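Note sheet for the following structure.
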Amino acid sequence: MDTTPKTWRLRVELDDSPGALARMTIRLAERDCNVLALSVIPVPGGVLDELVVRAAPGLLPADLVAAVRAEGGRCVGITAADVRDLVDAPT
């Protein structure tokens with residue numbers, strides 16, 4: 001079994017209600033995920049939250065999707081990410 005943590009980019013649609021994002025990140029934390037970055041992407045009819053998370057070893061993408069759904073969210077995309085994507089090269 002691979003013991004290396006994986007980094008994932010999640011695009012999530014949540015209800016526009018106070019605490020929805022916080023509750024979802026708590027669910028991810030309960031699964032030993034660390035949120036490394038958060039971006040809000042405007043889309044017609046609302047926004048998408050894009051999170052880059054470092055997942056615990058052995059955690060599968062399906063586990064992340066289940067955590068999002070458990071809080072009433074919809075995972076509209078999940079792709080492998082690299083922490084180097086978080087570096088602002090000009091800075």
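Chain lettering (A, B, ...) mirrors the order of the structure tokens, residue numbering begins at 1 for each chain separately, and ligand numbering begins at 1 in order of display.
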
| request: Enumerate the residues of chain A with a DSSP assignment of alpha helix (DSSP H), computed from the backbone, and present them as an MDAnalysis selection string. | output: chainID A and resid 20:30 61:70

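Nearest residue to Val40 of chain A, choosing from A:Glu71, A:Asp82, A:Asp63, A:Glu13 and counting only C-alpha atoms: A:Glu13.
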
| message | I want to know what sits within 9 Å of Ser39 of chain A, based on only C-alpha atoms, with residues of the same chain fewer than 4 positions away left out; could you give that as a list of chain:residue names? | response | A:Leu48, A:Asp49, A:Glu50, A:Leu51, A:Val52

Could you save those same residues with C-alpha atoms as a PDB file, in the first residue's frame?
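Result saved to result.pdb:
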ATOM      1  CA  LEU A  48     -17.479  27.036  -7.238  1.00  0.00           C
ATOM      2  CA  ASP A  49     -15.041  26.514  -4.411  1.00  0.00           C
ATOM      3  CA  GLU A  50     -11.715  25.086  -5.516  1.00  0.00           C
ATOM      4  CA  LEU A  51      -9.710  23.422  -2.767  1.00  0.00           C
ATOM      5  CA  VAL A  52      -6.252  21.920  -2.960  1.00  0.00           C
TER       6      VAL A  52
END

| query | Just how far from atom CA of Asn34 of chain A is atom CA of Arg54 of chain A, in Å to one decimal? | reply |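 Separating atom CA of Arg54 of chain A from atom CA of Asn34 of chain A is a distance of 5.1 Å.
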
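The residue that comes closest to Asp15 of chain A, out of A:Ala29, A:Val83, A:Ala67, A:Val47 and on the basis of only C-alpha atoms, is A:Val47.
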